[in-house]
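Structure file input.txt (compact mmCIF, C-alpha atoms) is printed below.
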# COMPACT_ATOMS: atom_id res chain seq x y z
CA MET P 10 -12.09 -242.90 -58.61
CA VAL P 11 -9.48 -245.49 -57.59
CA LEU P 12 -5.87 -244.29 -57.66
CA PHE P 13 -3.23 -246.90 -58.44
CA GLU P 14 -0.32 -247.60 -60.75
CA ILE P 15 -1.33 -247.98 -64.40
CA ILE P 16 -0.91 -251.51 -65.73
CA ASP P 17 -0.11 -251.90 -69.42
CA MET P 18 -2.66 -254.61 -70.22
CA LYS P 19 -3.48 -256.06 -73.63
CA VAL P 20 -5.39 -258.99 -75.10
CA ASN P 21 -3.49 -262.09 -76.15
CA LEU P 22 -5.66 -263.38 -79.00
CA LYS P 23 -4.98 -266.53 -81.04
CA SER P 24 -7.10 -268.61 -83.39
CA SER P 25 -6.73 -271.99 -85.11
CA LEU P 26 -8.95 -274.15 -87.31
CA ASN P 27 -9.23 -277.89 -86.77
CA ASP P 28 -8.30 -278.23 -90.44
CA SER P 29 -7.15 -275.14 -92.36
CA HIS P 30 -7.32 -276.94 -95.71
CA ILE P 31 -10.62 -277.00 -97.61
CA ASP P 32 -11.66 -279.28 -100.46
CA ALA P 33 -12.52 -277.11 -103.48
CA ASN P 34 -14.72 -279.90 -104.84
CA GLN P 35 -17.08 -279.91 -101.84
CA SER P 36 -20.21 -277.74 -102.01
CA ASN P 37 -20.15 -277.33 -98.21
CA SER P 38 -17.49 -277.82 -95.56
CA GLN P 39 -17.69 -277.84 -91.76
CA ARG P 40 -14.86 -276.49 -89.62
CA GLN P 41 -14.27 -275.69 -85.94
CA VAL P 42 -12.26 -272.65 -84.87
CA ALA P 43 -10.61 -272.54 -81.44
CA ILE P 44 -10.02 -269.01 -80.16
CA SER P 45 -7.77 -268.41 -77.15
CA LEU P 46 -8.06 -265.16 -75.16
CA SER P 47 -6.21 -263.90 -72.11
CA ALA P 48 -4.96 -260.64 -70.63
CA VAL P 49 -1.24 -259.97 -70.80
CA SER P 50 0.86 -257.40 -68.98
CA GLU P 51 4.54 -256.55 -68.93
CA ASN P 52 4.24 -256.00 -65.19
CA ARG P 53 3.26 -259.41 -63.80
CA ASP P 54 3.55 -258.30 -60.17
CA ARG P 55 0.64 -255.85 -60.37
CA SER P 56 -3.02 -256.72 -59.99
CA LEU P 57 -6.20 -254.70 -60.38
CA PRO P 58 -8.22 -253.52 -57.36
CA LEU P 59 -10.92 -256.01 -56.40
CA ASN P 60 -14.56 -255.54 -55.47
CA LEU P 61 -15.78 -258.80 -53.96
CA GLY P 62 -19.28 -259.55 -52.77
CA LEU P 63 -20.02 -262.63 -50.68
CA ILE P 64 -23.63 -263.84 -50.70
CA LEU P 65 -23.84 -266.58 -48.08
CA ASP P 66 -26.62 -268.99 -47.20
CA GLN P 67 -27.33 -268.96 -43.47
CA SER P 68 -30.49 -271.08 -43.57
CA GLY P 69 -31.12 -273.68 -40.88
CA SER P 70 -29.52 -276.50 -42.88
CA MET P 71 -26.15 -274.72 -42.60
CA THR P 72 -26.11 -275.28 -38.81
CA GLY P 73 -22.90 -276.60 -37.25
CA LYS P 74 -19.77 -277.45 -39.21
CA PRO P 75 -21.03 -276.10 -42.59
CA MET P 76 -21.59 -272.59 -41.17
CA THR P 77 -18.34 -272.72 -39.21
CA ARG P 78 -16.25 -273.69 -42.23
CA VAL P 79 -17.87 -271.10 -44.49
CA LYS P 80 -17.17 -268.34 -41.96
CA GLU P 81 -13.54 -269.53 -41.69
CA ALA P 82 -13.17 -269.48 -45.48
CA ALA P 83 -14.67 -265.98 -45.76
CA ILE P 84 -12.41 -264.61 -43.03
CA TYR P 85 -9.36 -266.26 -44.61
CA LEU P 86 -9.96 -264.32 -47.84
CA LEU P 87 -9.55 -261.04 -45.94
CA GLU P 88 -5.81 -261.68 -45.66
CA GLY P 89 -5.51 -261.27 -49.44
CA PHE P 90 -7.15 -257.84 -49.60
CA GLY P 91 -5.14 -254.75 -50.50
CA PRO P 92 -5.77 -251.09 -49.63
CA ASP P 93 -7.77 -250.42 -52.82
CA ASP P 94 -9.91 -253.56 -52.58
CA ARG P 95 -13.51 -253.56 -51.42
CA LEU P 96 -15.73 -256.16 -49.77
CA SER P 97 -19.42 -256.61 -49.06
CA VAL P 98 -21.16 -259.52 -47.35
CA VAL P 99 -24.85 -260.39 -47.61
CA ALA P 100 -26.41 -263.31 -45.74
CA PHE P 101 -29.75 -264.88 -46.59
CA ASP P 102 -32.21 -267.37 -45.23
CA HIS P 103 -35.83 -266.76 -46.28
CA ARG P 104 -34.87 -263.06 -46.14
CA ALA P 105 -31.61 -261.25 -46.91
CA LYS P 106 -29.53 -258.87 -44.82
CA VAL P 107 -26.38 -256.81 -45.42
CA ILE P 108 -23.77 -258.04 -42.94
CA VAL P 109 -20.87 -255.97 -44.26
CA PRO P 110 -21.77 -252.94 -46.44
CA ASN P 111 -19.54 -252.36 -49.47
CA GLN P 112 -16.32 -250.90 -48.04
CA ALA P 113 -12.54 -250.94 -48.03
CA VAL P 114 -11.27 -253.58 -45.61
CA ASP P 115 -9.33 -251.20 -43.37
CA GLU P 116 -11.10 -252.20 -40.16
CA MET P 117 -10.32 -255.89 -40.31
CA ASP P 118 -11.49 -256.77 -36.80
CA LYS P 119 -14.95 -255.26 -37.32
CA VAL P 120 -15.40 -257.13 -40.60
CA LYS P 121 -14.28 -260.41 -39.01
CA GLN P 122 -16.64 -259.85 -36.12
CA ALA P 123 -19.55 -259.25 -38.50
CA ILE P 124 -18.81 -262.48 -40.39
CA GLU P 125 -18.38 -264.44 -37.16
CA GLY P 126 -21.85 -263.27 -36.17
CA LEU P 127 -23.54 -265.26 -38.96
CA HIS P 128 -26.11 -267.63 -37.45
CA ALA P 129 -27.87 -270.48 -39.29
CA ALA P 130 -31.68 -270.42 -39.10
CA GLY P 131 -34.73 -270.18 -41.35
CA GLY P 132 -35.46 -271.18 -44.95
CA THR P 133 -33.80 -270.38 -48.28
CA SER P 134 -34.46 -267.50 -50.69
CA ILE P 135 -31.49 -267.27 -53.05
CA ASP P 136 -32.94 -264.47 -55.17
CA GLU P 137 -33.39 -262.21 -52.15
CA GLY P 138 -29.69 -262.68 -51.37
CA MET P 139 -28.75 -262.02 -54.99
CA LYS P 140 -30.81 -258.85 -55.22
CA LEU P 141 -29.21 -257.32 -52.14
CA GLY P 142 -25.73 -258.65 -52.92
CA ILE P 143 -25.68 -257.25 -56.47
CA LYS P 144 -26.84 -253.88 -55.15
CA GLU P 145 -23.92 -253.77 -52.68
CA VAL P 146 -21.28 -254.82 -55.22
CA ALA P 147 -22.55 -252.27 -57.73
CA LEU P 148 -21.67 -249.50 -55.25
CA GLY P 149 -17.94 -250.24 -55.53
CA LYS P 150 -17.53 -251.43 -59.10
CA GLU P 151 -15.90 -248.35 -60.66
CA ASP P 152 -12.44 -249.20 -62.05
CA ARG P 153 -12.35 -252.55 -60.23
CA VAL P 154 -12.72 -256.25 -60.92
CA SER P 155 -16.19 -256.94 -59.53
CA GLN P 156 -17.21 -260.48 -58.66
CA ILE P 157 -19.67 -262.28 -56.42
CA PHE P 158 -19.25 -265.61 -54.65
CA LEU P 159 -22.75 -267.00 -54.11
CA LEU P 160 -22.93 -270.01 -51.75
CA THR P 161 -25.97 -272.12 -50.95
CA ASP P 162 -26.63 -275.63 -49.69
CA GLY P 163 -30.28 -276.02 -50.68
CA GLU P 164 -33.15 -275.53 -53.05
CA ASN P 165 -34.64 -272.06 -53.44
CA GLU P 166 -37.72 -273.04 -51.40
CA HIS P 167 -38.81 -269.49 -50.49
CA GLY P 168 -37.63 -267.89 -53.73
CA ASP P 169 -38.07 -267.89 -57.51
CA ASN P 170 -35.46 -269.59 -59.73
CA GLU P 171 -36.51 -267.59 -62.80
CA ARG P 172 -35.90 -264.42 -60.81
CA CYS P 173 -32.41 -265.72 -59.98
CA LEU P 174 -31.60 -266.02 -63.68
CA LYS P 175 -32.95 -262.53 -64.38
CA LEU P 176 -30.83 -261.15 -61.53
CA ALA P 177 -27.78 -262.88 -63.02
CA GLN P 178 -28.43 -260.94 -66.22
CA VAL P 179 -28.65 -257.74 -64.18
CA ALA P 180 -25.25 -258.56 -62.67
CA GLY P 181 -23.88 -259.02 -66.19
CA ASP P 182 -25.27 -255.65 -67.23
CA TYR P 183 -23.36 -254.14 -64.29
CA ASN P 184 -20.19 -255.97 -65.42
CA ILE P 185 -20.26 -258.17 -62.30
CA THR P 186 -19.18 -261.81 -62.57
CA LEU P 187 -21.21 -264.30 -60.52
CA ASN P 188 -19.52 -267.46 -59.24
CA THR P 189 -21.68 -270.09 -57.56
CA LEU P 190 -20.72 -272.58 -54.87
CA GLY P 191 -22.98 -275.54 -54.16
CA PHE P 192 -22.48 -276.78 -50.60
CA GLY P 193 -23.36 -280.39 -49.70
CA ASN P 194 -25.69 -282.49 -51.85
CA HIS P 195 -29.08 -280.79 -51.87
CA TRP P 196 -28.55 -277.69 -54.02
CA ASN P 197 -29.96 -277.33 -57.53
CA GLN P 198 -27.12 -277.80 -60.03
CA ASP P 199 -29.22 -276.60 -62.96
CA VAL P 200 -29.94 -273.27 -61.29
CA LEU P 201 -26.43 -272.63 -59.96
CA GLU P 202 -24.82 -273.62 -63.25
CA SER P 203 -27.17 -271.37 -65.22
CA ILE P 204 -26.44 -268.42 -62.92
CA ALA P 205 -22.67 -268.82 -63.30
CA ASP P 206 -22.78 -269.56 -67.03
CA ALA P 207 -24.91 -266.48 -67.75
CA VAL P 208 -22.19 -264.07 -66.63
CA GLY P 209 -18.87 -265.82 -67.24
CA GLY P 210 -18.59 -267.24 -63.73
CA THR P 211 -17.58 -270.60 -62.29
CA LEU P 212 -19.66 -273.36 -60.71
CA CYS P 213 -17.96 -275.00 -57.70
CA TYR P 214 -18.95 -278.06 -55.70
CA ILE P 215 -18.16 -278.19 -51.97
CA GLU P 216 -19.00 -281.79 -51.16
CA GLN P 217 -17.59 -281.70 -47.60
CA PRO P 218 -17.38 -278.67 -45.24
CA GLU P 219 -13.58 -278.98 -45.13
CA GLN P 220 -13.42 -278.14 -48.86
CA ALA P 221 -14.91 -274.66 -48.39
CA LEU P 222 -11.56 -272.97 -47.79
CA THR P 223 -10.02 -274.60 -50.89
CA GLU P 224 -12.86 -273.57 -53.21
CA PHE P 225 -13.09 -270.00 -51.85
CA SER P 226 -9.31 -269.62 -52.21
CA ARG P 227 -9.33 -271.00 -55.75
CA LEU P 228 -11.98 -268.51 -56.84
CA PHE P 229 -10.20 -265.64 -55.11
CA THR P 230 -6.87 -266.48 -56.78
CA ARG P 231 -8.63 -266.57 -60.11
CA MET P 232 -10.25 -263.19 -59.41
CA GLN P 233 -6.84 -261.74 -58.57
CA SER P 234 -5.53 -262.86 -61.99
CA VAL P 235 -8.12 -260.82 -63.93
CA GLY P 236 -6.50 -258.16 -66.10
CA LEU P 237 -9.36 -257.00 -68.33
CA THR P 238 -13.14 -257.01 -67.88
CA ASN P 239 -16.41 -257.02 -69.81
CA ALA P 240 -14.91 -258.80 -72.81
CA TYR P 241 -16.93 -259.55 -75.93
CA LEU P 242 -15.78 -261.75 -78.80
CA CYS P 243 -16.55 -260.19 -82.20
CA LEU P 244 -16.64 -262.60 -85.16
CA GLU P 245 -17.01 -261.29 -88.70
CA PHE P 246 -17.35 -263.63 -91.69
CA LEU P 247 -17.62 -263.61 -95.46
CA PRO P 248 -21.16 -264.15 -96.82
CA GLU P 249 -20.07 -267.70 -97.76
CA VAL P 250 -19.47 -268.53 -94.08
CA HIS P 251 -22.09 -268.97 -91.36
CA LEU P 252 -22.37 -270.40 -87.88
CA ALA P 253 -23.97 -273.79 -87.28
CA GLU P 254 -27.67 -273.43 -86.42
CA LEU P 255 -27.58 -275.44 -83.17
CA LYS P 256 -25.24 -274.42 -80.31
CA PRO P 257 -22.52 -272.97 -82.57
CA VAL P 258 -20.35 -271.35 -79.86
CA ALA P 259 -19.05 -272.80 -76.59
CA GLN P 260 -16.27 -272.16 -74.13
CA VAL P 261 -14.12 -275.24 -73.45
CA GLU P 262 -11.50 -273.78 -71.08
CA PRO P 263 -11.12 -273.14 -68.17
CA GLU P 264 -14.58 -274.76 -67.94
CA THR P 265 -17.14 -275.78 -70.53
CA VAL P 266 -20.05 -273.40 -71.10
CA GLU P 267 -22.57 -273.11 -73.95
CA LEU P 268 -22.49 -269.48 -75.16
CA ASN P 269 -24.97 -267.30 -77.00
CA ALA P 270 -24.01 -265.42 -80.17
CA GLN P 271 -25.96 -262.31 -81.16
CA GLN P 272 -25.89 -261.61 -84.89
CA GLU P 273 -25.46 -258.10 -86.29
CA GLY P 274 -25.19 -258.37 -90.07
CA ASN P 275 -22.22 -260.61 -90.83
CA THR P 276 -20.84 -260.08 -87.32
CA TYR P 277 -21.55 -262.25 -84.28
CA ILE P 278 -21.09 -260.89 -80.74
CA VAL P 279 -20.41 -263.26 -77.81
CA ARG P 280 -20.17 -262.05 -74.19
CA LEU P 281 -17.26 -263.58 -72.26
CA GLY P 282 -16.77 -261.44 -69.13
CA ASP P 283 -13.43 -261.17 -67.34
CA LEU P 284 -10.12 -262.06 -69.03
CA MET P 285 -7.46 -263.57 -66.80
CA MET P 286 -3.69 -263.48 -67.08
CA ASP P 287 -3.04 -267.05 -65.91
CA ASN P 288 -6.01 -268.86 -67.44
CA ALA P 289 -6.90 -268.35 -71.09
CA ARG P 290 -10.51 -268.66 -72.17
CA VAL P 291 -10.74 -271.02 -75.14
CA ILE P 292 -13.83 -270.61 -77.32
CA LEU P 293 -14.86 -273.19 -79.91
CA VAL P 294 -16.88 -271.98 -82.92
CA ASN P 295 -18.64 -274.34 -85.33
CA LEU P 296 -18.66 -273.01 -88.92
CA TYR P 297 -20.07 -274.00 -92.30
CA LEU P 298 -18.42 -272.79 -95.50
CA SER P 299 -19.96 -272.71 -98.96
CA GLN P 300 -17.82 -273.80 -101.90
CA LEU P 301 -14.77 -271.56 -102.48
CA SER P 302 -12.39 -271.32 -105.40
CA PRO P 303 -8.87 -272.82 -105.04
CA GLY P 304 -6.31 -270.62 -103.33
CA ASN P 305 -5.81 -268.84 -100.01
CA HIS P 306 -8.85 -267.09 -98.52
CA THR P 307 -9.45 -264.92 -95.48
CA ILE P 308 -12.89 -266.19 -94.43
CA GLY P 309 -13.33 -263.85 -91.48
CA THR P 310 -11.78 -261.97 -88.59
CA VAL P 311 -11.72 -262.25 -84.80
CA GLN P 312 -11.59 -259.24 -82.49
CA VAL P 313 -12.22 -258.56 -78.79
CA ARG P 314 -14.02 -255.59 -77.25
CA TYR P 315 -13.16 -255.06 -73.59
CA ASP P 316 -12.82 -252.68 -70.65
CA ASP P 317 -9.52 -251.82 -68.96
CA PRO P 318 -10.15 -250.74 -65.34
CA SER P 319 -6.51 -249.70 -64.93
CA LEU P 320 -7.04 -246.98 -67.56
CA SER P 321 -10.69 -246.22 -66.67
CA GLN P 322 -11.48 -247.00 -70.31
CA THR P 323 -14.35 -248.98 -71.79
CA ALA P 324 -15.16 -250.55 -75.17
CA LEU P 325 -11.51 -250.85 -76.23
CA LEU P 326 -10.76 -252.99 -79.28
CA SER P 327 -8.00 -255.53 -79.78
CA GLU P 328 -6.30 -256.01 -83.12
CA LYS P 329 -8.24 -258.04 -85.67
CA ILE P 330 -6.96 -261.57 -86.26
CA PRO P 331 -7.66 -263.02 -89.73
CA LEU P 332 -9.09 -266.52 -90.17
CA THR P 333 -7.43 -268.00 -93.25
CA VAL P 334 -7.90 -271.24 -95.17
CA GLU P 335 -6.23 -272.86 -98.14
CA VAL P 336 -8.74 -274.23 -100.65
CA GLN P 337 -7.23 -277.15 -102.56
CA GLY P 338 -8.21 -278.84 -105.80
CA GLU P 339 -6.49 -281.96 -104.50
CA TYR P 340 -7.43 -281.88 -100.82
CA GLU P 341 -5.01 -283.01 -98.12
CA ALA P 342 -6.06 -282.49 -94.51
CA LYS P 343 -4.02 -280.28 -92.17
CA VAL P 344 -5.31 -281.19 -88.71
CA ASP P 345 -4.57 -279.13 -85.59
CA THR P 346 -4.37 -281.49 -82.59
CA LYS P 347 -5.04 -278.73 -80.03
CA VAL P 348 -8.33 -277.86 -81.70
CA GLN P 349 -9.18 -281.57 -81.82
CA LYS P 350 -8.73 -281.66 -78.04
CA SER P 351 -11.13 -278.74 -77.68
CA ILE P 352 -13.68 -280.61 -79.82
CA LEU P 353 -13.35 -283.67 -77.56
CA THR P 354 -13.77 -281.50 -74.44
CA LEU P 355 -17.06 -280.15 -75.73
CA ALA P 356 -18.15 -283.63 -76.85
CA GLN P 357 -17.60 -285.00 -73.33
CA TYR P 358 -19.68 -282.20 -71.81
CA ARG P 359 -22.55 -282.72 -74.25
CA GLN P 360 -22.47 -286.52 -73.86
CA THR P 361 -22.81 -286.08 -70.10
CA GLN P 362 -25.63 -283.55 -70.51
CA LEU P 363 -27.54 -286.00 -72.73
CA ALA P 364 -26.94 -288.76 -70.17
CA GLU P 365 -28.45 -286.56 -67.43
CA ALA P 366 -31.47 -285.86 -69.62
CA LYS P 367 -32.05 -289.58 -70.19
CA LEU P 368 -31.62 -290.30 -66.50
CA ASN P 369 -34.21 -287.66 -65.64
CA LYS P 370 -36.64 -289.44 -67.98
CA GLY P 371 -35.98 -292.78 -66.27
CA ASP P 372 -33.84 -294.24 -69.08
CA ARG P 373 -31.00 -295.73 -67.01
CA GLN P 374 -29.56 -297.86 -69.79
CA GLY P 375 -29.52 -294.98 -72.25
CA ALA P 376 -27.84 -292.80 -69.62
CA ALA P 377 -25.30 -295.53 -68.84
CA THR P 378 -24.35 -295.88 -72.51
CA LEU P 379 -23.77 -292.13 -72.86
CA LEU P 380 -21.76 -292.01 -69.62
CA GLN P 381 -19.56 -294.83 -70.93
CA THR P 382 -19.01 -292.86 -74.12
CA ALA P 383 -18.16 -289.76 -72.08
CA ALA P 384 -15.72 -291.83 -69.98
CA LYS P 385 -13.92 -292.95 -73.15
CA THR P 386 -13.77 -289.33 -74.33
CA ALA P 387 -12.29 -288.31 -70.96
CA LEU P 388 -9.59 -290.97 -71.38
CA GLN P 389 -8.77 -289.60 -74.83
CA LEU P 390 -8.30 -286.23 -73.15
CA GLY P 391 -6.04 -287.77 -70.48
CA ASP P 392 -8.51 -286.92 -67.69
CA LYS P 393 -8.39 -290.18 -65.71
CA SER P 394 -10.29 -288.81 -62.71
CA ALA P 395 -13.25 -287.81 -64.86
CA ALA P 396 -13.15 -291.13 -66.69
CA THR P 397 -13.28 -292.99 -63.37
CA VAL P 398 -16.27 -290.97 -62.12
CA LEU P 399 -18.19 -291.38 -65.37
CA GLN P 400 -17.47 -295.09 -65.81
CA THR P 401 -18.29 -295.87 -62.15
CA ASN P 402 -21.66 -294.15 -62.52
CA ALA P 403 -22.35 -295.95 -65.81
CA THR P 404 -21.61 -299.32 -64.21
CA GLN P 405 -23.91 -298.52 -61.29
CA LEU P 406 -26.77 -297.60 -63.62
CA GLN P 407 -26.25 -300.78 -65.65
CA ALA P 408 -26.60 -302.74 -62.42
CA GLY P 409 -30.04 -301.17 -61.94
CA GLU P 410 -28.98 -298.89 -59.10
CA GLU P 411 -29.76 -295.20 -58.63
CA LEU P 412 -27.12 -292.49 -58.54
CA SER P 413 -26.88 -290.49 -55.34
CA GLU P 414 -27.17 -286.70 -55.37
CA ALA P 415 -23.42 -286.51 -54.73
CA GLN P 416 -22.71 -288.73 -57.76
CA ARG P 417 -24.97 -286.65 -59.99
CA LYS P 418 -23.24 -283.44 -58.91
CA LYS P 419 -19.77 -284.93 -59.37
CA THR P 420 -20.81 -285.99 -62.88
CA ARG P 421 -21.83 -282.41 -63.68
CA ILE P 422 -18.57 -280.98 -62.35
CA VAL P 423 -16.25 -283.42 -64.17
CA SER P 424 -18.08 -282.68 -67.42
CA LYS P 425 -17.38 -278.97 -67.06
CA THR P 426 -13.78 -278.87 -65.82
CA VAL P 427 -10.76 -280.98 -64.94
CA LEU P 428 -10.88 -282.14 -61.32
CA GLN P 429 -8.47 -280.29 -59.04
CA SER P 430 -6.44 -283.43 -58.36
CA ASP P 431 -5.55 -283.56 -62.05
CA GLN P 432 -4.52 -279.92 -62.37

Could you write out this structure as structure tokens?
Amino acid sequence: MVLFEIIDMKVNLKSSLNDSHIDANQSNSQRQVAISLSAVSENRDRSLPLNLGLILDQSGSMTGKPMTRVKEAAIYLLEGFGPDDRLSVVAFDHRAKVIVPNQAVDEMDKVKQAIEGLHAAGGTSIDEGMKLGIKEVALGKEDRVSQIFLLTDGENEHGDNERCLKLAQVAGDYNITLNTLGFGNHWNQDVLESIADAVGGTLCYIEQPEQALTEFSRLFTRMQSVGLTNAYLCLEFLPEVHLAELKPVAQVEPETVELNAQQEGNTYIVRLGDLMMDNARVILVNLYLSQLSPGNHTIGTVQVRYDDPSLSQTALLSEKIPLTVEVQGEYEAKVDTKVQKSILTLAQYRQTQLAEAKLNKGDRQGAATLLQTAAKTALQLGDKSAATVLQTNATQLQAGEELSEAQRKKTRIVSKTVLQSDQ
């Protein structure tokens, strides 16, 4: 068991409806609820012990500058490790090999030497790397924040993408967060996004080798800010309230992710993963309400179940937050602008997803129209960088030109998160 100073960590939980007033004369009403969750501590200088696993592609296409920059980025992370932190490194081509077994980083030179020894050759089998990498991280996960950084530059030519998704679920069962980093322009964004989304991770795009250090560092800083793990959102509603049938729950910050809700009676359970201190997760829930009588009503409650590694405790419960509405005989809207922004964020993501689907079917004009709409949504959100990317791609499609792999990947990234230059 890890020995370290106890951190008094709690959940900061807030909820708001896009309009908390309901028209009593309507038989049905639709509302969106934005729920913000983060970890809070009175001692901001303390962080939890980390258990980081690197799963690195060393296939032949990584030869030269790509391999060099990835090794530099991995070695740079070592400077941020503390005495209670653990590291493992797995490299894969068409096979996988443990380069650094799960261990405390107290022999820095040996670990650096092992990473420096990575050599690019062979094909690509992502699932073999995942299988071995998850096994190593699982060895050091007790009372730690456990995450994996999975980097690849290519398609899973010697592997099985379905197996990758199943292994991501295994990682989630072990309370391990999987972050994915696509290197260059030939990786499969659908696969890497699905892996990260399945377990509360982040999808990163390393377009140029020089960006490897920045993206590794950004993920590591985010990992260091985790205060609570294995968080589940618990939503309980009156019988008159139910979730929308199609895609009712999504995360909109710090990146956009469609989430699954498991129903247990009148309660819905949504897995979130790690809760950070610096970055709140914002979840948007789409509700339908049957007709209610005039007056104030509590239509449901929001609660979080989570683990606290600092206390070696699991399945802790936050306080319950009530969801309240005012049902009015003479309805007057009470709009929350922050929730409206969350709705726009999800709209931009879905518009871009639909554009990609049309493009894959050969419908360039349909894709261009949706990208233009997404660009306008991005401008409403104040995200000028995303708007520029989306509008540029729309214009190119209207001119009858194809989008490059780099443009397609940039489109996916700007639909999920604000570009770093805007943050």

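Minimum atom-to-atom distance to Arg153 of chain P, evaluated using all atoms listed in the file, belongs to P:Met232 out of P:Met232, P:Ala207, P:Val42, P:Ile84.
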
- Query: Asn27 of chain P: which residues within 10 Å, counting all atoms listed in the file, same-chain residues fewer than 6 positions away excluded, as a PyMOL selection string?
  - Reply: chain P and resi 39-43+342-352

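Residues lying within 6 Å of Ala205 of chain P, counting all atoms listed in the file and ignoring same-chain neighbours fewer than 3 positions away, are Leu187, Asn188, Thr189, Glu202, Val208, Gly210 and Thr211 of chain P.
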
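The closest residue to Glu137 of chain P, picked from P:Asp66, P:Asp94, P:Asp372, P:Asp115 and counting only C-alpha atoms, is P:Asp66.
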
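Closest approach to Gly149 of chain P among P:Gly282, P:Pro92, P:Pro110, P:Gly274: P:Pro110, based on only C-alpha atoms.
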
- From P:Met139, P:Val120, P:Leu281, P:Leu57, residue lying nearest Ser155 of chain P [all atoms listed in the file]: P:Leu57

- So which one's closest to Glu224 of chain P, P:Leu212, P:Val109, P:Leu406, P:Ala366? Using all atoms listed in the file, please.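 Ranked by minimum distance to Glu224 of chain P, first place goes to P:Leu212.
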
- Query: From the set P:Gln337, P:Ser226, P:Gln360, P:Thr420, which residue has the shortest atom-to-atom contact distance to Leu301 of chain P, counting only C-alpha atoms?
  - Reply: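 Using only C-alpha atoms, Leu301 of chain P sits closest to P:Gln337.
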
Centre, x/y/z edge lengths, axis-aligned box for segment 138-156 of chain P with 4 Å per side, as JSON:
{"center_x": -21.6, "center_y": -255.5, "center_z": -56.7, "size_x": 26.5, "size_y": 22.3, "size_z": 18.7}

- Item | Pairwise distance for atom CA of Ala83 of chain P and atom CA of Gly181 of chain P, rounded to one decimal in Å |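 Atom CA of Ala83 of chain P sits 23.5 Å away from atom CA of Gly181 of chain P.
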
With a distance cut-off of 10 Å and all atoms listed in the file, select the neighbouring residues of Phe101 of chain P, excluding the residue or stretch itself and same-chain residues fewer than 5 positions from it, and output the selection as a tab-separated table (two decimals) with C-alpha atoms, keeping the file's coordinate frame.
chain	number	residue	atom	x	y	z
P	64	ILE	CA	-23.63	-263.84	-50.70
P	65	LEU	CA	-23.84	-266.58	-48.08
P	66	ASP	CA	-26.62	-268.99	-47.20
P	67	GLN	CA	-27.33	-268.96	-43.47
P	68	SER	CA	-30.49	-271.08	-43.57
P	106	LYS	CA	-29.53	-258.87	-44.82
P	107	VAL	CA	-26.38	-256.81	-45.42
P	108	ILE	CA	-23.77	-258.04	-42.94
P	127	LEU	CA	-23.54	-265.26	-38.96
P	129	ALA	CA	-27.87	-270.48	-39.29
P	130	ALA	CA	-31.68	-270.42	-39.10
P	131	GLY	CA	-34.73	-270.18	-41.35
P	132	GLY	CA	-35.46	-271.18	-44.95
P	133	THR	CA	-33.80	-270.38	-48.28
P	134	SER	CA	-34.46	-267.50	-50.69
P	135	ILE	CA	-31.49	-267.27	-53.05
P	136	ASP	CA	-32.94	-264.47	-55.17
P	137	GLU	CA	-33.39	-262.21	-52.15
P	138	GLY	CA	-29.69	-262.68	-51.37
P	139	MET	CA	-28.75	-262.02	-54.99
P	141	LEU	CA	-29.21	-257.32	-52.14
P	142	GLY	CA	-25.73	-258.65	-52.92
P	160	LEU	CA	-22.93	-270.01	-51.75
P	161	THR	CA	-25.97	-272.12	-50.95

- Message: One decimal, in Å: what's the spacing between atom CA of Glu145 of chain P and atom CA of Leu59 of chain P?
- Response: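 Separating atom CA of Glu145 of chain P from atom CA of Leu59 of chain P is a distance of 13.7 Å.
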
- Considering only C-alpha atoms, return as a PyMOL selection string whatever protein or nucleic-acid residues lie within 8 Å of Leu284 of chain P, sequence-local ones (same chain, fewer than 4 positions apart) excluded. chain P and resi 46-48+235-238+240+289-290

- Hey, can you check how far atom CA of Ile204 of chain P sits from atom CA of Leu176 of chain P?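 Answer for the atom CA of Ile204 of chain P to atom CA of Leu176 of chain P separation: 8.6 Å.
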
- Item | Neighbour list for Leu326 of chain P as a VMD selection string, cut-off 9 Å, all atoms listed in the file, skip fewer than 4 positions in-chain | chain P and resid 312 to 316
